[in-house]
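Q: To be precise about what I am sending: the file is called model-v4.txt and holds compact mmCIF, C-alpha atoms.
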```txt
# COMPACT_ATOMS: atom_id res chain seq x y z
CA MET A 148 -17.34 27.19 14.59
CA LYS A 149 -20.19 24.74 15.30
CA ILE A 150 -20.65 24.14 11.56
CA LEU A 151 -16.96 23.35 11.14
CA MET A 152 -17.12 20.94 14.07
CA LEU A 153 -20.19 19.20 12.61
CA VAL A 154 -18.51 18.91 9.19
CA ALA A 155 -15.37 17.46 10.81
CA LEU A 156 -17.43 14.91 12.76
CA ALA A 157 -19.34 13.93 9.61
CA VAL A 158 -16.08 13.40 7.71
CA LEU A 159 -14.68 11.25 10.53
CA ALA A 160 -17.88 9.20 10.65
CA LEU A 161 -17.77 8.60 6.90
CA ALA A 162 -14.09 7.63 7.08
CA SER A 163 -14.88 5.15 9.86
CA VAL A 164 -17.60 3.52 7.75
CA GLN A 165 -15.24 3.27 4.75
CA LEU A 166 -12.45 1.85 6.94
CA ALA A 167 -14.83 -0.72 8.38
CA ARG A 168 -15.72 -1.76 4.84
CA ALA A 169 -12.02 -1.99 3.93
CA GLY A 170 -11.45 -4.35 6.85
CA ALA A 171 -14.54 -6.48 6.34
CA ASP A 172 -12.66 -9.35 4.70
CA ASN A 173 -9.84 -10.63 6.91
CA ARG A 174 -8.73 -13.54 4.74
CA ALA A 175 -5.08 -13.61 3.69
CA PRO A 176 -4.39 -13.30 -0.04
CA ASP A 177 -3.73 -16.31 -2.23
CA LEU A 178 0.00 -16.46 -2.94
CA PRO A 179 1.32 -18.44 -5.93
CA SER A 180 3.30 -21.36 -4.52
CA PRO A 181 6.18 -22.02 -4.46
CA LEU A 182 7.16 -18.75 -6.19
CA CYS A 183 5.81 -16.47 -3.45
CA ASP A 184 6.03 -18.74 -0.39
CA ARG A 185 8.54 -16.35 1.23
CA LEU A 186 5.82 -13.67 1.38
CA GLN A 187 3.99 -15.61 4.09
CA VAL A 188 3.54 -13.59 7.28
CA GLN A 189 4.97 -15.00 10.52
CA PRO A 190 2.59 -17.22 12.52
CA GLY A 191 0.70 -15.33 15.19
CA ASN A 192 -0.28 -12.47 12.87
CA LYS A 193 -3.69 -12.11 11.26
CA VAL A 194 -5.11 -9.90 8.50
CA ALA A 195 -6.71 -6.85 10.10
CA PHE A 196 -7.88 -5.25 6.83
CA HIS A 197 -6.88 -4.67 3.25
CA VAL A 198 -7.15 -1.83 0.75
CA TYR A 199 -6.92 -1.27 -2.99
CA ALA A 200 -4.27 1.13 -4.29
CA LEU A 201 -4.52 3.26 -7.42
CA GLY A 202 -1.50 5.41 -8.15
CA VAL A 203 1.92 5.76 -9.70
CA GLN A 204 5.46 4.54 -9.16
CA ILE A 205 7.86 7.46 -9.61
CA TYR A 206 11.24 6.92 -11.32
CA ARG A 207 14.18 9.29 -11.98
CA TRP A 208 16.62 8.98 -14.91
CA ASN A 209 20.25 8.93 -13.70
CA GLY A 210 21.84 9.01 -17.14
CA THR A 211 22.08 5.23 -17.56
CA SER A 212 18.96 3.79 -15.89
CA TRP A 213 15.75 4.63 -14.06
CA ASP A 214 16.02 4.78 -10.24
CA PHE A 215 12.94 4.18 -8.12
CA VAL A 216 11.99 7.35 -6.20
CA ALA A 217 8.69 6.67 -4.43
CA PRO A 218 5.12 5.46 -4.74
CA SER A 219 2.20 7.86 -4.75
CA ALA A 220 -1.19 6.21 -4.43
CA ARG A 221 -4.67 6.63 -3.08
CA LEU A 222 -6.07 3.77 -0.96
CA PHE A 223 -9.66 2.60 -1.33
CA ALA A 224 -12.07 0.37 0.56
CA ASP A 225 -13.11 -1.68 -2.46
CA ALA A 226 -11.89 -2.97 -5.82
CA GLU A 227 -13.97 -0.41 -7.73
CA TYR A 228 -11.99 2.38 -5.99
CA HIS A 229 -14.88 3.66 -3.90
CA GLY A 230 -14.47 4.95 -0.37
CA GLU A 231 -11.00 6.52 -0.25
CA VAL A 232 -9.46 5.66 3.14
CA GLY A 233 -5.90 6.97 2.88
CA ILE A 234 -2.73 7.50 0.89
CA HIS A 235 0.57 5.69 0.25
CA TYR A 236 3.86 7.51 -0.29
CA ALA A 237 7.65 7.43 0.27
CA GLY A 238 8.98 5.67 3.31
CA PRO A 239 7.19 3.45 2.37
CA THR A 240 4.35 5.00 4.36
CA TRP A 241 0.61 4.36 4.50
CA GLU A 242 -1.50 7.10 6.10
CA SER A 243 -5.21 6.94 6.86
CA HIS A 244 -7.47 9.93 6.44
CA SER A 245 -8.14 9.67 10.18
CA GLY A 246 -4.48 10.49 10.86
CA GLY A 247 -2.77 7.23 11.79
CA LYS A 248 0.15 5.94 9.76
CA VAL A 249 2.57 3.06 9.43
CA ILE A 250 6.08 3.01 7.97
CA ALA A 251 7.51 -0.34 6.88
CA SER A 252 10.62 -1.88 5.36
CA ARG A 253 10.81 -4.38 2.52
CA GLN A 254 11.56 -7.95 3.63
CA GLU A 255 10.89 -10.22 0.64
CA SER A 256 9.59 -10.06 -2.91
CA CYS A 257 8.40 -12.25 -5.77
CA ALA A 258 7.36 -11.47 -9.34
CA PRO A 259 4.48 -13.67 -10.51
CA ASP A 260 3.70 -11.21 -13.35
CA PRO A 261 6.70 -10.01 -15.40
CA THR A 262 4.64 -7.04 -16.66
CA ALA A 263 4.04 -5.63 -13.15
CA ILE A 264 5.98 -4.50 -10.10
CA PRO A 265 6.82 -7.32 -7.66
CA TRP A 266 4.65 -8.49 -4.83
CA LEU A 267 6.17 -7.63 -1.44
CA LEU A 268 6.29 -8.58 2.22
CA LEU A 269 7.05 -5.58 4.41
CA HIS A 270 7.66 -5.41 8.16
CA MET A 271 6.50 -2.52 10.34
CA VAL A 272 9.22 -0.04 11.36
CA SER A 273 6.91 2.37 13.21
CA THR A 274 3.27 3.32 13.64
CA GLU A 275 1.74 6.48 14.98
CA GLY A 276 -1.68 7.76 15.78
CA PRO A 277 -4.83 5.83 16.53
CA GLY A 278 -6.93 3.92 14.07
CA ILE A 279 -6.42 1.31 11.42
CA PHE A 280 -2.62 1.39 11.39
CA ASP A 281 -2.28 1.02 15.16
CA ARG A 282 -0.25 -2.13 15.97
CA VAL A 283 0.22 -3.17 12.29
CA THR A 284 3.05 -5.71 12.15
CA TYR A 285 3.26 -6.75 8.47
CA ILE A 286 2.05 -5.55 5.09
CA GLN A 287 1.74 -7.55 1.88
CA ARG A 288 1.56 -5.91 -1.56
CA VAL A 289 -0.10 -8.34 -3.97
CA ASN A 290 -2.13 -8.49 -7.19
CA THR A 291 -0.06 -5.75 -8.79
CA SER A 292 -0.47 -4.38 -12.29
CA GLY A 293 1.80 -1.90 -14.07
CA GLY A 294 4.33 0.26 -12.26
CA LEU A 295 7.52 -1.03 -13.94
CA PRO A 296 10.28 1.47 -14.82
CA PRO A 297 10.16 3.03 -18.28
CA THR A 298 11.95 0.98 -20.93
CA GLY A 299 13.55 3.81 -22.90
CA PRO A 300 16.11 6.40 -21.80
CA GLY A 301 15.09 9.61 -20.09
CA PRO A 302 15.21 12.93 -21.94
CA PHE A 303 17.77 14.34 -19.46
CA ILE A 304 19.47 13.43 -16.17
CA GLY A 305 17.03 13.99 -13.34
CA ALA A 306 13.92 13.56 -15.48
CA GLU A 307 11.07 11.91 -13.57
CA GLU A 308 8.40 9.60 -14.93
CA GLU A 309 5.21 8.52 -13.16
CA VAL A 310 4.14 5.01 -14.15
CA PRO A 311 0.54 4.00 -13.26
CA TYR A 312 0.04 0.94 -11.04
CA THR A 313 -2.60 -0.82 -8.99
CA ALA A 314 -2.15 -3.21 -6.07
CA GLU A 315 -3.82 -4.62 -3.01
CA TYR A 316 -2.26 -4.05 0.41
CA TYR A 317 -3.01 -6.45 3.27
CA PHE A 318 -2.29 -5.20 6.80
CA TYR A 319 -1.63 -7.64 9.65
CA ARG A 320 -1.65 -7.38 13.44
CA ALA A 321 -0.29 -9.77 16.04
CA GLN A 322 -3.03 -11.90 17.54
CA ASN A 323 -3.58 -11.35 21.25
```
Take the structure in the file and write it out as structure tokens.

A:
Amino acid sequence: MKILMLVALAVLALASVQLARAGADNRAPDLPSPLCDRLQVQPGNKVAFHVYALGVQIYRWNGTSWDFVAPSARLFADAEYHGEVGIHYAGPTWESHSGGKVIASRQESCAPDPTAIPWLLLHMVSTEGPGIFDRVTYIQRVNTSGGLPPTGPGPFIGAEEEVPYTAEYYFYRAQN
């Protein structure tokens, strides 16, 4: 029992170090203007941290087109995908390895790169648990690559395709 407790504490300590590294740079991302001006976060909110996502966008063939199903990505502390800090999945939801999570809704989008999924501004719907997602107000998805729906038809209705993508997610909190 003591060994399990020590292992759990070591994992939490490592996650805290990785999360601290993920939040070390609190500058907002550069947004192409005027194309992405509507992705600006409301005044009074400041970047708390940001992470790098490596994953897939999941699409389902409905017989005439591909419908978006959900993202599935791992979140990392740096651009070389070191220090995994959490996951991103349907909701859209971001969940840290320490247990906290945030669910958000899409507010605005822009598409500076026609070969990649759009950049997004999302607003917090709910947060739970302590840690990095506590009190998150806004999320920006920027610097995307890949992730667009397949261009050809699916082999059968209900077929799913996973399309690789990368992105950066910036998490904001209201300033006190």

Q: Could you please determine the separation between atom CA of A:Gly305 and atom CA of A:Pro218 in Å, to one decimal place?

A: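 Separation between atom CA of A:Gly305 and atom CA of A:Pro218: 17.0 Å.
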
Q: For stretch 248-250 of chain A, find every residue with an atom within 7 Å (counting all atoms listed in the file), except residues of its own chain fewer than 6 positions away, and show them as number ranges by chain.

A: A: 238-242, 271-276, 280

Q: If we count only C-alpha atoms and set the cut-off at 10 Å, which residues sit around A:Tyr319, ignoring sequence neighbours fewer than 6 positions away in its own chain? Please answer as a PyMOL selection string.

A: chain A and resi 173+175+188-189+191-197+270-271+280+282-287

Q: For a quick check of understanding, using only C-alpha atoms, which of A:Ile234, A:Leu267, A:Val203, A:Leu295 has the smallest distance to A:Asp184?

A: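 Nearest candidate to A:Asp184 out of A:Ile234, A:Leu267, A:Val203, A:Leu295: A:Leu267.
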
Q: Given the choices A:Tyr199, A:Arg207, A:Ser245, A:Ile304, which gets closest to A:Ala224 if the distance is worked out from only C-alpha atoms?

A: A:Tyr199

Q: Can you tell me how far atom CA of A:Gly301 sits from atom CA of A:Leu222, in Å to one decimal?

A: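 One can read the atom CA of A:Gly301 to atom CA of A:Leu222 distance as 29.1 Å.
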
Q: What's the separation between atom CA of A:His229 and atom CA of A:Cys257, in Å to one decimal place?

A: 28.3 Å
